[in-house]
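J.: Provided herewith: upload_24.cif, mmCIF, C-alpha atoms and all ligand atoms.
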```cif
data_input
loop_
_atom_site.group_PDB
_atom_site.id
_atom_site.type_symbol
_atom_site.label_atom_id
_atom_site.label_comp_id
_atom_site.auth_asym_id
_atom_site.auth_seq_id
_atom_site.Cartn_x
_atom_site.Cartn_y
_atom_site.Cartn_z
ATOM 1 C CA MET F 1 5.498 25.658 7.890
ATOM 2 C CA SER F 2 8.655 25.138 5.913
ATOM 3 C CA HIS F 3 10.879 22.143 5.707
ATOM 4 C CA LYS F 4 14.647 22.033 5.605
ATOM 5 C CA GLY F 5 15.893 21.414 2.109
ATOM 6 C CA GLU F 6 12.418 21.652 0.658
ATOM 7 C CA THR F 7 12.261 22.841 -2.928
ATOM 8 C CA ALA F 8 8.603 22.810 -3.911
ATOM 9 C CA THR F 9 5.874 21.952 -1.445
ATOM 10 C CA SER F 10 2.671 20.476 -2.813
ATOM 11 C CA THR F 11 -0.565 21.009 -0.987
ATOM 12 C CA TYR F 12 -3.558 18.735 -1.339
ATOM 13 C CA THR F 13 -7.085 19.681 -0.400
ATOM 14 C CA TYR F 14 -9.968 17.577 0.824
ATOM 15 C CA ALA F 15 -13.418 19.080 1.052
ATOM 16 C CA SER F 16 -15.410 17.598 3.922
ATOM 17 C CA ASN F 17 -19.166 18.122 4.017
ATOM 18 C CA GLY F 18 -19.624 16.539 7.426
ATOM 19 C CA GLU F 19 -18.052 14.495 10.196
ATOM 20 C CA GLU F 20 -18.402 11.226 8.291
ATOM 21 C CA GLN F 21 -16.307 12.555 5.447
ATOM 22 C CA THR F 22 -13.670 13.822 7.860
ATOM 23 C CA THR F 23 -13.680 10.338 9.390
ATOM 24 C CA ARG F 24 -13.066 8.785 5.975
ATOM 25 C CA LEU F 25 -9.938 10.890 5.486
ATOM 26 C CA ALA F 26 -8.744 9.978 8.992
ATOM 27 C CA GLU F 27 -9.286 6.283 8.221
ATOM 28 C CA ALA F 28 -7.357 6.500 4.948
ATOM 29 C CA LEU F 29 -4.452 8.184 6.731
ATOM 30 C CA ALA F 30 -4.539 5.791 9.680
ATOM 31 C CA GLY F 31 -4.080 2.948 7.213
ATOM 32 C CA LEU F 32 -0.797 4.500 6.101
ATOM 33 C CA MET F 33 0.547 5.346 9.552
ATOM 34 C CA GLY F 34 3.296 3.517 11.327
ATOM 35 C CA ALA F 35 5.689 3.908 14.238
ATOM 36 C CA GLY F 36 7.224 7.378 14.031
ATOM 37 C CA SER F 37 4.426 9.024 12.032
ATOM 38 C CA VAL F 38 3.906 12.660 13.036
ATOM 39 C CA ILE F 39 0.755 14.582 12.117
ATOM 40 C CA ALA F 40 0.638 18.332 12.813
ATOM 41 C CA LEU F 41 -2.940 19.610 13.128
ATOM 42 C CA ASP F 42 -3.875 23.270 12.937
ATOM 43 C CA GLY F 43 -7.095 25.225 12.618
ATOM 44 C CA ASP F 44 -9.251 27.433 14.836
ATOM 45 C CA LEU F 45 -11.116 26.230 17.898
ATOM 46 C CA GLY F 46 -13.935 23.959 16.731
ATOM 47 C CA ALA F 47 -12.355 23.299 13.339
ATOM 48 C CA GLY F 48 -12.277 19.544 13.991
ATOM 49 C CA LYS F 49 -8.733 18.698 15.136
ATOM 50 C CA THR F 50 -9.967 16.583 18.034
ATOM 51 C CA ARG F 51 -12.762 15.052 15.957
ATOM 52 C CA PHE F 52 -10.163 14.030 13.366
ATOM 53 C CA SER F 53 -7.867 12.654 16.102
ATOM 54 C CA GLN F 54 -10.720 10.588 17.520
ATOM 55 C CA ALA F 55 -11.307 9.011 14.113
ATOM 56 C CA VAL F 56 -7.608 8.191 13.742
ATOM 57 C CA ALA F 57 -7.599 6.674 17.234
ATOM 58 C CA LYS F 58 -10.583 4.494 16.432
ATOM 59 C CA SER F 59 -8.938 3.316 13.199
ATOM 60 C CA LEU F 60 -5.762 2.438 15.105
ATOM 61 C CA GLY F 61 -7.832 0.295 17.440
ATOM 62 C CA VAL F 62 -7.612 2.523 20.506
ATOM 63 C CA PRO F 63 -10.410 1.412 22.831
ATOM 64 C CA GLY F 64 -12.624 3.949 24.543
ATOM 65 C CA ILE F 65 -12.934 7.652 24.002
ATOM 66 C CA VAL F 66 -10.104 9.950 23.068
ATOM 67 C CA ASN F 67 -10.804 13.412 24.447
ATOM 68 C CA SER F 68 -9.023 16.663 23.905
ATOM 69 C CA PRO F 69 -5.863 16.568 26.005
ATOM 70 C CA THR F 70 -5.846 20.350 26.499
ATOM 71 C CA PHE F 71 -5.274 20.163 30.253
ATOM 72 C CA THR F 72 -2.737 17.358 30.187
ATOM 73 C CA ILE F 73 -0.847 18.307 26.990
ATOM 74 C CA ILE F 74 -0.002 14.685 26.138
ATOM 75 C CA LYS F 75 -2.080 11.537 26.445
ATOM 76 C CA GLU F 76 -0.828 8.080 25.521
ATOM 77 C CA TYR F 77 -3.100 5.327 24.222
ATOM 78 C CA GLU F 78 -2.467 1.712 23.287
ATOM 79 C CA GLY F 79 -3.468 0.938 19.723
ATOM 80 C CA VAL F 80 -3.537 -2.508 18.162
ATOM 81 C CA ARG F 81 -0.211 -2.216 16.348
ATOM 82 C CA PHE F 82 1.458 0.725 18.099
ATOM 83 C CA PRO F 83 0.678 3.415 20.649
ATOM 84 C CA LEU F 84 -0.944 6.757 19.882
ATOM 85 C CA TYR F 85 0.427 9.961 21.422
ATOM 86 C CA HIS F 86 -2.197 12.698 21.330
ATOM 87 C CA MET F 87 -0.979 16.201 22.171
ATOM 88 C CA ASP F 88 -2.661 19.575 22.475
ATOM 89 C CA VAL F 89 -0.088 22.321 22.807
ATOM 90 C CA TYR F 90 -2.525 25.251 22.797
ATOM 91 C CA ARG F 91 -1.548 26.481 26.241
ATOM 92 C CA ILE F 92 2.092 25.551 26.265
ATOM 93 C CA THR F 93 4.936 28.058 26.591
ATOM 94 C CA GLY F 94 8.159 27.674 24.629
ATOM 95 C CA ARG F 95 10.106 26.697 27.724
ATOM 96 C CA GLU F 96 7.575 24.092 28.826
ATOM 97 C CA ALA F 97 7.552 22.635 25.326
ATOM 98 C CA ALA F 98 11.329 22.325 25.349
ATOM 99 C CA ASP F 99 11.163 20.530 28.722
ATOM 100 C CA LEU F 100 8.563 17.993 27.585
ATOM 101 C CA GLY F 101 11.054 15.896 25.677
ATOM 102 C CA LEU F 102 8.837 15.806 22.609
ATOM 103 C CA ASP F 103 11.437 13.911 20.599
ATOM 104 C CA ASP F 104 10.827 10.857 22.793
ATOM 105 C CA TYR F 105 7.338 10.806 21.305
ATOM 106 C CA PHE F 106 8.197 11.847 17.745
ATOM 107 C CA TYR F 107 10.939 9.256 17.470
ATOM 108 C CA GLY F 108 9.231 6.725 19.724
ATOM 109 C CA GLY F 109 7.363 3.630 18.662
ATOM 110 C CA GLY F 110 4.018 5.251 18.047
ATOM 111 C CA VAL F 111 1.962 7.709 16.019
ATOM 112 C CA THR F 112 1.947 11.319 17.244
ATOM 113 C CA LEU F 113 -0.958 13.702 16.600
ATOM 114 C CA VAL F 114 -0.318 17.315 17.635
ATOM 115 C CA GLU F 115 -3.195 19.785 17.923
ATOM 116 C CA TRP F 116 -2.114 23.459 17.489
ATOM 117 C CA ALA F 117 1.210 22.213 16.138
ATOM 118 C CA GLU F 118 2.232 25.574 14.669
ATOM 119 C CA ARG F 119 2.813 26.763 18.243
ATOM 120 C CA ILE F 120 5.708 24.335 18.533
ATOM 121 C CA ALA F 121 6.794 24.552 14.881
ATOM 122 C CA ASP F 122 10.464 24.850 15.875
ATOM 123 C CA LEU F 123 10.302 21.606 17.856
ATOM 124 C CA LEU F 124 8.664 19.438 15.222
ATOM 125 C CA PRO F 125 10.817 16.831 13.500
ATOM 126 C CA PRO F 126 11.969 17.619 9.940
ATOM 127 C CA ASP F 127 9.473 15.213 8.393
ATOM 128 C CA PHE F 128 5.781 15.394 9.226
ATOM 129 C CA LEU F 129 2.340 15.769 7.657
ATOM 130 C CA GLU F 130 0.775 19.193 8.121
ATOM 131 C CA ILE F 131 -3.031 19.209 8.224
ATOM 132 C CA ARG F 132 -4.864 22.518 8.341
ATOM 133 C CA ILE F 133 -8.633 22.497 8.858
ATOM 134 C CA ARG F 134 -10.725 25.511 7.873
ATOM 135 C CA HIS F 135 -14.346 26.164 8.787
ATOM 136 C CA THR F 136 -16.261 26.879 5.592
ATOM 137 C CA GLY F 137 -19.768 26.183 6.908
ATOM 138 C CA GLU F 138 -21.568 24.615 9.845
ATOM 139 C CA ARG F 139 -20.621 21.119 8.686
ATOM 140 C CA GLU F 140 -18.240 21.976 5.865
ATOM 141 C CA ARG F 141 -14.482 21.981 6.306
ATOM 142 C CA ASP F 142 -11.622 22.490 3.881
ATOM 143 C CA ILE F 143 -8.831 20.171 4.947
ATOM 144 C CA GLU F 144 -5.444 21.072 3.533
ATOM 145 C CA LEU F 145 -2.657 18.500 3.618
ATOM 146 C CA THR F 146 0.955 19.538 3.161
ATOM 147 C CA PRO F 147 3.506 16.731 3.313
ATOM 148 C CA HIS F 148 6.953 17.649 4.593
ATOM 149 C CA GLY F 149 9.387 14.954 3.570
ATOM 150 C CA GLU F 150 8.876 11.208 3.368
ATOM 151 C CA PRO F 151 6.855 9.086 3.776
ATOM 152 C CA TYR F 152 4.239 11.854 3.782
ATOM 153 C CA GLU F 153 4.816 12.939 0.167
ATOM 154 C CA THR F 154 4.268 9.346 -0.933
ATOM 155 C CA TRP F 155 1.148 9.047 1.255
ATOM 156 C CA CYS F 156 -0.413 12.103 -0.409
ATOM 157 C CA ARG F 157 0.497 10.980 -3.929
ATOM 158 C CA HIS F 158 -0.976 7.574 -3.154
ATOM 159 C CA MET F 159 -4.209 9.094 -1.798
ATOM 160 C CA LYS F 160 -4.422 11.359 -4.848
ATOM 161 C CA GLU F 161 -4.036 8.361 -7.147
ATOM 162 C CA ASN F 162 -6.634 6.261 -5.376
ATOM 163 C CA GLY F 163 -9.163 9.114 -5.324
ATOM 164 C CA THR F 164 -9.152 9.822 -1.583
ATOM 165 C CA LEU F 165 -7.828 13.338 -2.248
HETATM 166 N N1 LIG F 201 -16.988 18.159 8.601
HETATM 167 C C1 LIG F 201 -16.684 18.144 9.901
HETATM 168 N N2 LIG F 201 -15.493 17.609 10.312
HETATM 169 C C2 LIG F 201 -15.153 17.615 11.619
HETATM 170 N N3 LIG F 201 -15.924 18.109 12.615
HETATM 171 C C3 LIG F 201 -17.103 18.652 12.270
HETATM 172 C C4 LIG F 201 -17.538 18.681 10.916
HETATM 173 N N4 LIG F 201 -18.745 19.283 10.874
HETATM 174 C C5 LIG F 201 -19.062 19.591 12.121
HETATM 175 N N5 LIG F 201 -18.101 19.226 12.989
HETATM 176 C C6 LIG F 201 -18.140 19.481 14.442
HETATM 177 O O1 LIG F 201 -17.164 20.468 14.708
HETATM 178 C C7 LIG F 201 -16.676 20.284 16.039
HETATM 179 C C8 LIG F 201 -15.167 20.168 16.015
HETATM 180 O O2 LIG F 201 -14.714 20.197 17.344
HETATM 181 P P1 LIG F 201 -13.267 19.723 17.749
HETATM 182 O O3 LIG F 201 -12.883 18.516 16.985
HETATM 183 O O4 LIG F 201 -13.238 19.639 19.237
HETATM 184 O O5 LIG F 201 -12.409 20.981 17.237
HETATM 185 P P2 LIG F 201 -10.912 21.398 17.605
HETATM 186 O O6 LIG F 201 -10.225 20.242 18.249
HETATM 187 O O7 LIG F 201 -10.317 21.776 16.270
HETATM 188 O O8 LIG F 201 -11.038 22.585 18.494
HETATM 189 C C9 LIG F 201 -17.322 19.027 16.595
HETATM 190 O O9 LIG F 201 -18.408 19.404 17.403
HETATM 191 C C10 LIG F 201 -17.808 18.313 15.348
HETATM 192 O O10 LIG F 201 -18.948 17.550 15.607
HETATM 193 MG MG MG F 202 -9.169 20.072 20.120
#
```
Write the structure described by the file as structure tokens, please.
Ligand SMILES: Nc1ncnc2c1ncn2[C@@H]1O[C@H](COP(=O)(O)OP(=O)(O)O)[C@@H](O)[C@H]1O
Ligand SMILES: [Mg+2]
T.:
Amino acid sequence: MSHKGETATSTYTYASNGEEQTTRLAEALAGLMGAGSVIALDGDLGAGKTRFSQAVAKSLGVPGIVNSPTFTIIKEYEGVRFPLYHMDVYRITGREAADLGLDDYFYGGGVTLVEWAERIADLLPPDFLEIRIRHTGERERDIELTPHGEPYETWCRHMKENGTL
């Protein structure tokens, strides 16, 4: 996905050898998130988009279980500091997406996680963190992070410096 006014896009990779390692990345990111954070998740069915979202939810203090919102498109949860908006736009059509009023979530007071985000690429805000998960083995996943704008570029630099990435 490209970003308006972007010159060079850096991509960071994180090799996960199991769910616990994916959880650690989710926890590190959750610690950086704030109201208005938007995370675009892509990757084939079973890649781990929902598993990653569940770990973010837990880190944000969302009680209970966060399931895939495939049939509801958007689910809202109360976190400790701000709400979590969890979307799965796999089945959405362009017209439906336009009618959902996604900007109310993106620019609202919470964190938005979007599974299958590339399907609504045109509707994403200009600044977001792109996360692409690739199956490389039964438990192995290559997780590619591409920051589009701030604060996501700073997040990735920070995680690179502290050894998370
Ligand atoms: N390293 C890993 N990171 C994330 N999930 C993993 C990993 N290894 C195995 N899994 C498993 O892969 C599956 C991912 O499913 P899910 O998160 O629902 O995928 P998606 O939402 O991308 O379709 C889960 O059953 C999870 O336990
Ligand atoms: Mg899912």
J.: How close does chain F get to ligand MG 202 (chain F)? List, as a tab-separated table, each residue of chain F within 7 Å, its nearest atom pair and the distance in Å to one decimal, counting all atoms listed in the file.
T.:
```
residue	atom	partner	partner_atom	distance
F:Leu45	CA	F:MG202	MG	6.8
F:Gly48	CA	F:MG202	MG	6.9
F:Lys49	CA	F:MG202	MG	5.2
F:Thr50	CA	F:MG202	MG	4.1
F:Ser68	CA	F:MG202	MG	5.1
F:Asp88	CA	F:MG202	MG	6.9
F:Glu115	CA	F:MG202	MG	6.4
```
J.: Given the point (2.2, 14.2, -0.4) in the file's coordinates, find the residues that have an atom at most 12 Å from it, counting all atoms listed in the file, and give them as JSON, numbers by chain.
T.: {"F": [8, 9, 10, 11, 12, 13, 29, 127, 128, 129, 130, 131, 144, 145, 146, 147, 148, 149, 150, 151, 152, 153, 154, 155, 156, 157, 158, 159, 160, 161, 165]}
J.: Using all atoms listed in the file, find each residue in chain F having at least one atom no more than 8 Å away from ligand LIG 201 (chain F); report its shortest atom-to-atom pair and that distance in Å (one decimal), rows by chain then rising number, as a tab-separated table.
T.:
```
residue	atom	partner	partner_atom	distance
F:Ser16	CA	F:LIG201	N1	5.0
F:Asn17	CA	F:LIG201	N1	5.1
F:Gly18	CA	F:LIG201	N1	3.3
F:Glu19	CA	F:LIG201	C1	3.9
F:Glu20	CA	F:LIG201	N1	7.1
F:Gln21	CA	F:LIG201	N1	6.5
F:Thr22	CA	F:LIG201	N2	4.9
F:Thr23	CA	F:LIG201	N2	7.6
F:Asp42	CA	F:LIG201	O7	7.4
F:Gly43	CA	F:LIG201	O7	6.0
F:Asp44	CA	F:LIG201	O7	5.9
F:Leu45	CA	F:LIG201	O8	3.7
F:Gly46	CA	F:LIG201	O5	3.4
F:Ala47	CA	F:LIG201	O7	3.9
F:Gly48	CA	F:LIG201	O3	3.2
F:Lys49	CA	F:LIG201	O7	3.6
F:Thr50	CA	F:LIG201	O3	3.7
F:Arg51	CA	F:LIG201	O3	3.6
F:Phe52	CA	F:LIG201	O3	6.4
F:Ser53	CA	F:LIG201	O3	7.8
F:Ser68	CA	F:LIG201	O6	6.8
F:Glu115	CA	F:LIG201	O6	7.1
F:Ile133	CA	F:LIG201	O7	7.6
F:Glu138	CA	F:LIG201	C5	6.1
F:Arg139	CA	F:LIG201	N4	3.4
F:Glu140	CA	F:LIG201	N1	4.9
F:Arg141	CA	F:LIG201	N1	5.1
```
J.: Could you tell me which of F:Arg95, F:Arg81, F:His86, F:His135 comes closest to Met33 in chain F if we count only C-alpha atoms?
T.: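 Under the stated criterion, the closest residue is F:Arg81.
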J.: I'd like the interatomic distance between CA of Glu118 in chain F and CA of Leu41 in chain F, to a tenth of an Å.
T.: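 CA of Leu41 in chain F lies 8.0 Å from CA of Glu118 in chain F.
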J.: In terms of the shortest atom-to-atom distance over all atoms listed in the file, which of F:Glu96, F:Leu60, F:Asp122, F:Leu113 is closest to Ala28 in chain F?
T.: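 Between F:Glu96, F:Leu60, F:Asp122, F:Leu113, the residue approaching Ala28 in chain F most closely is F:Leu60.
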J.: Run the PyMOL selection byres (((chain F and resi 85) around 6) and not hetatm) on the file and write out the hits as number ranges by chain.
T.: F: 75-76, 84, 86, 112
J.: What's the separation between CA of Arg119 in chain F and CA of Ile39 in chain F, in Å to one decimal place?
T.: 13.8 Å
J.: What separation in Å, quoted to one decimal, exists between CA of Ile74 in chain F and CA of Gly31 in chain F?
T.: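 Between these atoms lies a distance of 22.6 Å.
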J.: Show me, as JSON, the centre and edge lengths in Å to one decimal of the axis-aligned box that covers every listed atom of range 40-52 of chain F with 6 Å on each side.
T.:
```
{"center_x": -6.6, "center_y": 20.7, "center_z": 15.3, "size_x": 26.6, "size_y": 25.4, "size_z": 17.4}
```
J.: Which of these, F:Pro126, F:Pro63, F:Gly137, F:Gly79, has the shortest distance to Gly109 in chain F once you count all atoms listed in the file?
T.: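 Among the listed residues, the smallest separation from Gly109 in chain F belongs to F:Gly79.
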J.: Got a sec: who's within 9 Å of Ile65 in chain F, counting only C-alpha atoms, leaving out chain neighbours fewer than 5 positions off, as a PyMOL selection string?
T.: chain F and resi 54+57-58
J.: Range 97-104 of chain F: which residues within 8 Å, counting only C-alpha atoms, same-chain residues fewer than 4 positions away excluded, as a PyMOL selection string?
T.: chain F and resi 92-93+108+120+123+125
J.: Create the file for the chosen residues now, containing C-alpha atoms and written as a compact mmCIF listing (two decimals), in the frame of the given file.
T.:
```
# COMPACT_ATOMS: atom_id res chain seq x y z
CA ILE F 92 2.09 25.55 26.26
CA THR F 93 4.94 28.06 26.59
CA GLY F 108 9.23 6.72 19.72
CA ILE F 120 5.71 24.34 18.53
CA LEU F 123 10.30 21.61 17.86
CA PRO F 125 10.82 16.83 13.50
```
J.: Write range 103-114 of chain F as a compact mmCIF listing (two decimals), in the frame of the given file, completed to all heavy atoms.
T.:
```txt
# COMPACT_ATOMS: atom_id res chain seq x y z
N ASP F 103 10.78 14.85 21.51
CA ASP F 103 11.44 13.91 20.60
C ASP F 103 11.24 12.46 21.02
O ASP F 103 11.22 11.56 20.18
CB ASP F 103 12.94 14.21 20.49
CG ASP F 103 13.22 15.40 19.58
OD1 ASP F 103 12.26 15.92 18.97
OD2 ASP F 103 14.39 15.81 19.49
N ASP F 104 11.07 12.23 22.33
CA ASP F 104 10.83 10.86 22.79
C ASP F 104 9.54 10.31 22.19
O ASP F 104 9.40 9.11 21.98
CB ASP F 104 10.73 10.80 24.32
CG ASP F 104 12.07 11.08 24.98
OD1 ASP F 104 13.10 11.08 24.27
OD2 ASP F 104 12.08 11.31 26.21
N TYR F 105 8.59 11.22 21.94
CA TYR F 105 7.34 10.81 21.30
C TYR F 105 7.52 10.73 19.79
O TYR F 105 7.17 9.74 19.16
CB TYR F 105 6.22 11.78 21.66
CG TYR F 105 5.91 11.78 23.14
CD1 TYR F 105 6.50 12.71 23.99
CD2 TYR F 105 5.06 10.82 23.68
CE1 TYR F 105 6.25 12.68 25.36
CE2 TYR F 105 4.80 10.78 25.04
CZ TYR F 105 5.40 11.72 25.87
OH TYR F 105 5.15 11.69 27.22
N PHE F 106 8.06 11.80 19.21
CA PHE F 106 8.20 11.85 17.74
C PHE F 106 9.02 10.67 17.21
O PHE F 106 8.72 10.14 16.16
CB PHE F 106 8.86 13.16 17.30
CG PHE F 106 8.08 14.40 17.64
CD1 PHE F 106 8.73 15.57 17.99
CD2 PHE F 106 6.69 14.39 17.60
CE1 PHE F 106 8.01 16.72 18.30
CE2 PHE F 106 5.95 15.54 17.91
CZ PHE F 106 6.63 16.70 18.26
N TYR F 107 10.06 10.34 17.93
CA TYR F 107 10.94 9.26 17.47
C TYR F 107 10.69 7.96 18.24
O TYR F 107 11.49 7.04 18.19
CB TYR F 107 12.41 9.69 17.56
CG TYR F 107 12.73 10.88 16.69
CD1 TYR F 107 12.85 12.15 17.24
CD2 TYR F 107 12.85 10.73 15.30
CE1 TYR F 107 13.12 13.26 16.44
CE2 TYR F 107 13.11 11.84 14.50
CZ TYR F 107 13.25 13.10 15.07
OH TYR F 107 13.50 14.18 14.28
N GLY F 108 9.57 7.93 18.96
CA GLY F 108 9.23 6.72 19.72
C GLY F 108 8.54 5.71 18.83
O GLY F 108 8.53 5.83 17.61
N GLY F 109 7.94 4.73 19.45
CA GLY F 109 7.36 3.63 18.66
C GLY F 109 5.91 3.82 18.28
O GLY F 109 5.24 2.85 17.94
N GLY F 110 5.44 5.06 18.32
CA GLY F 110 4.02 5.25 18.05
C GLY F 110 3.73 6.33 17.02
O GLY F 110 4.63 6.85 16.36
N VAL F 111 2.44 6.64 16.89
CA VAL F 111 1.96 7.71 16.02
C VAL F 111 1.72 8.93 16.90
O VAL F 111 1.12 8.81 17.96
CB VAL F 111 0.63 7.29 15.36
CG1 VAL F 111 -0.07 8.47 14.71
CG2 VAL F 111 0.86 6.18 14.34
N THR F 112 2.19 10.10 16.47
CA THR F 112 1.95 11.32 17.24
C THR F 112 1.02 12.26 16.48
O THR F 112 1.28 12.58 15.32
CB THR F 112 3.27 12.07 17.53
OG1 THR F 112 4.21 11.18 18.13
CG2 THR F 112 3.04 13.24 18.46
N LEU F 113 -0.06 12.68 17.15
CA LEU F 113 -0.96 13.70 16.60
C LEU F 113 -0.80 14.93 17.47
O LEU F 113 -0.91 14.84 18.70
CB LEU F 113 -2.42 13.24 16.67
CG LEU F 113 -2.80 11.90 16.01
CD1 LEU F 113 -4.30 11.64 16.23
CD2 LEU F 113 -2.49 11.91 14.53
N VAL F 114 -0.53 16.08 16.86
CA VAL F 114 -0.32 17.32 17.64
C VAL F 114 -1.36 18.36 17.24
O VAL F 114 -1.36 18.84 16.10
CB VAL F 114 1.08 17.93 17.37
CG1 VAL F 114 1.34 19.07 18.36
CG2 VAL F 114 2.18 16.89 17.45
```
